[in-house]
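Here's the structure we're looking at; comments come further down.
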Amino acid sequence: MISRRSTRALFYRAFYRLPHPVRRKLVRLAVPKYIVGAVTLTYDAEAPAPGRLLLLRQPPGRAWSLPAGLLQRGEEPIVGAARELYEESGVRLAPEQLTPATPNAVVHLKGWVDCVFEARVPASSTPLVVDGGEVYEAAWHPLDDLPQLTTSTARLLGRYGIGPLAAADPAGTGTTPEPDPAPESGAGTA
C-alpha cells in the first residue's frame with residue numbers, strides 16, 4: 001500500500017516537471033478566488049474630537065458608504081485606494097499619503113477582501129467633487145453622529161470601533177457574529 005507521504009512526494013515530483021505556465025494554470029484552478037477591493041477611511045485633519053469621516057451617497061439608496069472600489073488587474077491595493085478616493089470624491093492623494101489601517105485587510109465570508117487604508121486631510125481646503133452618476137454626494141460626517149450607513153459599511157466601520165456596530169467587535173478582531181451579505185453597490189467594495 002502506498003503511504004500518503006509517498007503519494008504526495010510523487011505528486012510534487014510530477015508537478016515540478018511540468019512547464020511553468022501549466023503549473024501556474026493548475027495553481028489558479030486549485031486556489032481560492034477572491035474579489036479584492038480597496039477602502040479608504042478619510043478623516044478630517046482639522047476636526048475636533050471625536051472627528052469627522054468622509055462618506056459618500058451612491059445609487060441606488062439613501063444610505064452612505066466609504067470611498068472604495070475594486071482593484072484593477074495588477075494594481076497595488078494602496079494605489080487602488082488612492083485612485084478610488086479621487087474618482088469618487090475628488091480628493092487627490094498620493095499613495096504615500098495613505099497608511100494601512102489595523103487590521104489592513106478585512107476578509108468577508110462571501111469571497112471578497114477589502115484592503116483598508118486611512119488618510120487625514122484638511123476638510124476646509126479639500127474640495128469634494130462628485131460626478132452625479134456613480135456618486136450623488138460626498139460629505140464630512142461627525143463620528144459620533146453618522147448618517148444611515150449601508151450594511152457592509154456599518155460592519156466594516158464596526159471592525160474599527162466606529163459607528164453603530166462598533167460594539168459587535170469590541171476587541172477589534174475583525175470578526176462579527178453574523179455573516180456578511182454579498183457586496184452592495186456603493187458599500188465596502190464599490
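Residue names in the C-alpha cells use chain letters A, B, ... in the order shown, residue numbers from 1 in each chain, and ligand numbers from 1 in the order shown.
Once range 162-165 of chain A and its same-chain neighbours fewer than 3 positions away are set aside, A:Leu143, A:Asp144, A:Asp145, A:Leu146, A:Leu149, A:Ala154, A:Arg155, A:Leu156, A:Leu157, A:Gly158, A:Arg159, A:Ala168, A:Asp169 remain within 9 Å of it when counting only C-alpha atoms.
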Exercise for the section: Name the residues of range 32-139 of chain A that come out as alpha helix (DSSP H) in a backbone DSSP run; write them as a PyMOL selection string. Expected result: chain A and resi 77-89
Exercise for the section: Could you please determine the separation between CA of Gly161 in chain A and CA of Ala68 in chain A in Å, to one decimal place? Expected result: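 It comes out at 18.8 Å.
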Practice task
Report as a VMD selection string: the residues of range 29-187 of chain A with a DSSP assignment of strand (DSSP E or B), based on the backbone of this structure.
Solution key: chain A and resid 35 to 44 52 to 57 64 to 65 68 to 70 99 to 107 112 to 121 137 to 142 149
Residues from the last selection, C-alpha atoms, saved as a tab-separated table (two decimals), in the first residue's frame:
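Ended up saving to again09.tsv:
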```
chain	number	residue	atom	x	y	z
A	35	ILE	CA	-12.62	39.75	-5.27
A	36	VAL	CA	-10.20	42.36	-3.89
A	37	GLY	CA	-11.16	45.92	-3.19
A	38	ALA	CA	-9.58	48.96	-1.56
A	39	VAL	CA	-11.31	51.18	1.01
A	40	THR	CA	-10.16	54.49	2.48
A	41	LEU	CA	-11.19	55.80	5.89
A	42	THR	CA	-10.66	59.51	5.22
A	43	TYR	CA	-10.66	61.69	8.34
A	44	ASP	CA	-10.89	65.48	8.59
A	52	ARG	CA	-15.25	63.61	11.08
A	53	LEU	CA	-15.23	60.97	8.36
A	54	LEU	CA	-15.74	61.36	4.61
A	55	LEU	CA	-18.77	59.40	3.40
A	56	LEU	CA	-20.43	59.05	0.00
A	57	ARG	CA	-24.05	58.66	-1.02
A	64	TRP	CA	-23.91	56.32	2.96
A	65	SER	CA	-20.71	54.40	2.25
A	68	ALA	CA	-13.98	52.21	-2.16
A	69	GLY	CA	-13.76	50.09	-5.24
A	70	LEU	CA	-12.35	47.02	-6.90
A	99	THR	CA	-1.46	54.48	5.77
A	100	PRO	CA	-2.61	50.89	6.27
A	101	ALA	CA	-5.42	50.60	8.79
A	102	THR	CA	-5.18	47.98	11.53
A	103	PRO	CA	-6.31	45.41	10.54
A	104	ASN	CA	-5.30	46.23	6.96
A	105	ALA	CA	-7.41	43.51	5.33
A	106	VAL	CA	-10.98	42.50	6.07
A	107	VAL	CA	-11.96	39.12	4.68
A	112	TRP	CA	-14.19	39.23	-1.19
A	113	VAL	CA	-11.39	41.03	0.62
A	114	ASP	CA	-11.17	44.74	1.42
A	115	CYS	CA	-7.71	46.27	1.89
A	116	VAL	CA	-8.34	49.22	4.21
A	117	PHE	CA	-6.28	52.40	4.39
A	118	GLU	CA	-6.52	55.64	6.36
A	119	ALA	CA	-5.94	59.24	5.31
A	120	ARG	CA	-6.15	62.58	7.09
A	121	VAL	CA	-6.89	65.69	5.05
A	137	GLU	CA	-22.96	63.34	-2.76
A	138	ALA	CA	-19.76	63.42	-0.68
A	139	ALA	CA	-19.76	64.97	2.79
A	140	TRP	CA	-17.94	65.04	6.11
A	141	HIS	CA	-19.87	63.47	8.99
A	142	PRO	CA	-19.14	63.58	12.74
A	149	LEU	CA	-24.91	53.57	6.51
```
Practice task
Please measure the separation of CA of Gly61 in chain A and CA of Thr150 in chain A, giving the value in Å to one decimal.
Solution key: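 Pair CA of Gly61 in chain A / CA of Thr150 in chain A returns 8.6 Å.
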Practice task
Would you mind listing what lies within 9 Å of Gly90 in chain A as a ChimeraX atom specification, with only C-alpha atoms counted and same-chain residues fewer than 3 positions away left out?
Solution key: /A:85-87,126-130
Could those selected residues go to a file with N, CA and C atoms, as a PDB file, in the first residue's frame?
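File written: result_18.pdb
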```pdb
ATOM      1  N   LEU A  85     -10.458  56.925  -4.157  1.00  0.00           N
ATOM      2  CA  LEU A  85     -10.743  58.124  -3.370  1.00  0.00           C
ATOM      3  C   LEU A  85     -10.879  59.332  -4.288  1.00  0.00           C
ATOM      4  N   TYR A  86      -9.976  59.460  -5.253  1.00  0.00           N
ATOM      5  CA  TYR A  86     -10.038  60.580  -6.189  1.00  0.00           C
ATOM      6  C   TYR A  86     -11.241  60.470  -7.125  1.00  0.00           C
ATOM      7  N   GLU A  87     -11.456  59.292  -7.704  1.00  0.00           N
ATOM      8  CA  GLU A  87     -12.564  59.111  -8.653  1.00  0.00           C
ATOM      9  C   GLU A  87     -13.920  59.393  -8.012  1.00  0.00           C
ATOM     10  N   THR A 126      -9.962  71.129   1.188  1.00  0.00           N
ATOM     11  CA  THR A 126     -10.066  69.965   0.304  1.00  0.00           C
ATOM     12  C   THR A 126     -11.446  69.955  -0.340  1.00  0.00           C
ATOM     13  N   PRO A 127     -11.552  70.431  -1.589  1.00  0.00           N
ATOM     14  CA  PRO A 127     -12.863  70.430  -2.239  1.00  0.00           C
ATOM     15  C   PRO A 127     -13.312  68.998  -2.553  1.00  0.00           C
ATOM     16  N   LEU A 128     -14.597  68.754  -2.366  1.00  0.00           N
ATOM     17  CA  LEU A 128     -15.191  67.459  -2.698  1.00  0.00           C
ATOM     18  C   LEU A 128     -15.905  67.601  -4.030  1.00  0.00           C
ATOM     19  N   VAL A 129     -15.576  66.735  -4.976  1.00  0.00           N
ATOM     20  CA  VAL A 129     -16.142  66.791  -6.326  1.00  0.00           C
ATOM     21  C   VAL A 129     -16.709  65.421  -6.660  1.00  0.00           C
ATOM     22  N   VAL A 130     -18.008  65.387  -7.012  1.00  0.00           N
ATOM     23  CA  VAL A 130     -18.640  64.121  -7.402  1.00  0.00           C
ATOM     24  C   VAL A 130     -19.202  64.254  -8.808  1.00  0.00           C
TER      25      VAL A 130
END
```
Problem - Residues within 10 Å of Gly133 in chain A, only C-alpha atoms, excluding chain neighbours under 6 positions, as a PyMOL selection string - result: chain A and resi 58-59+88
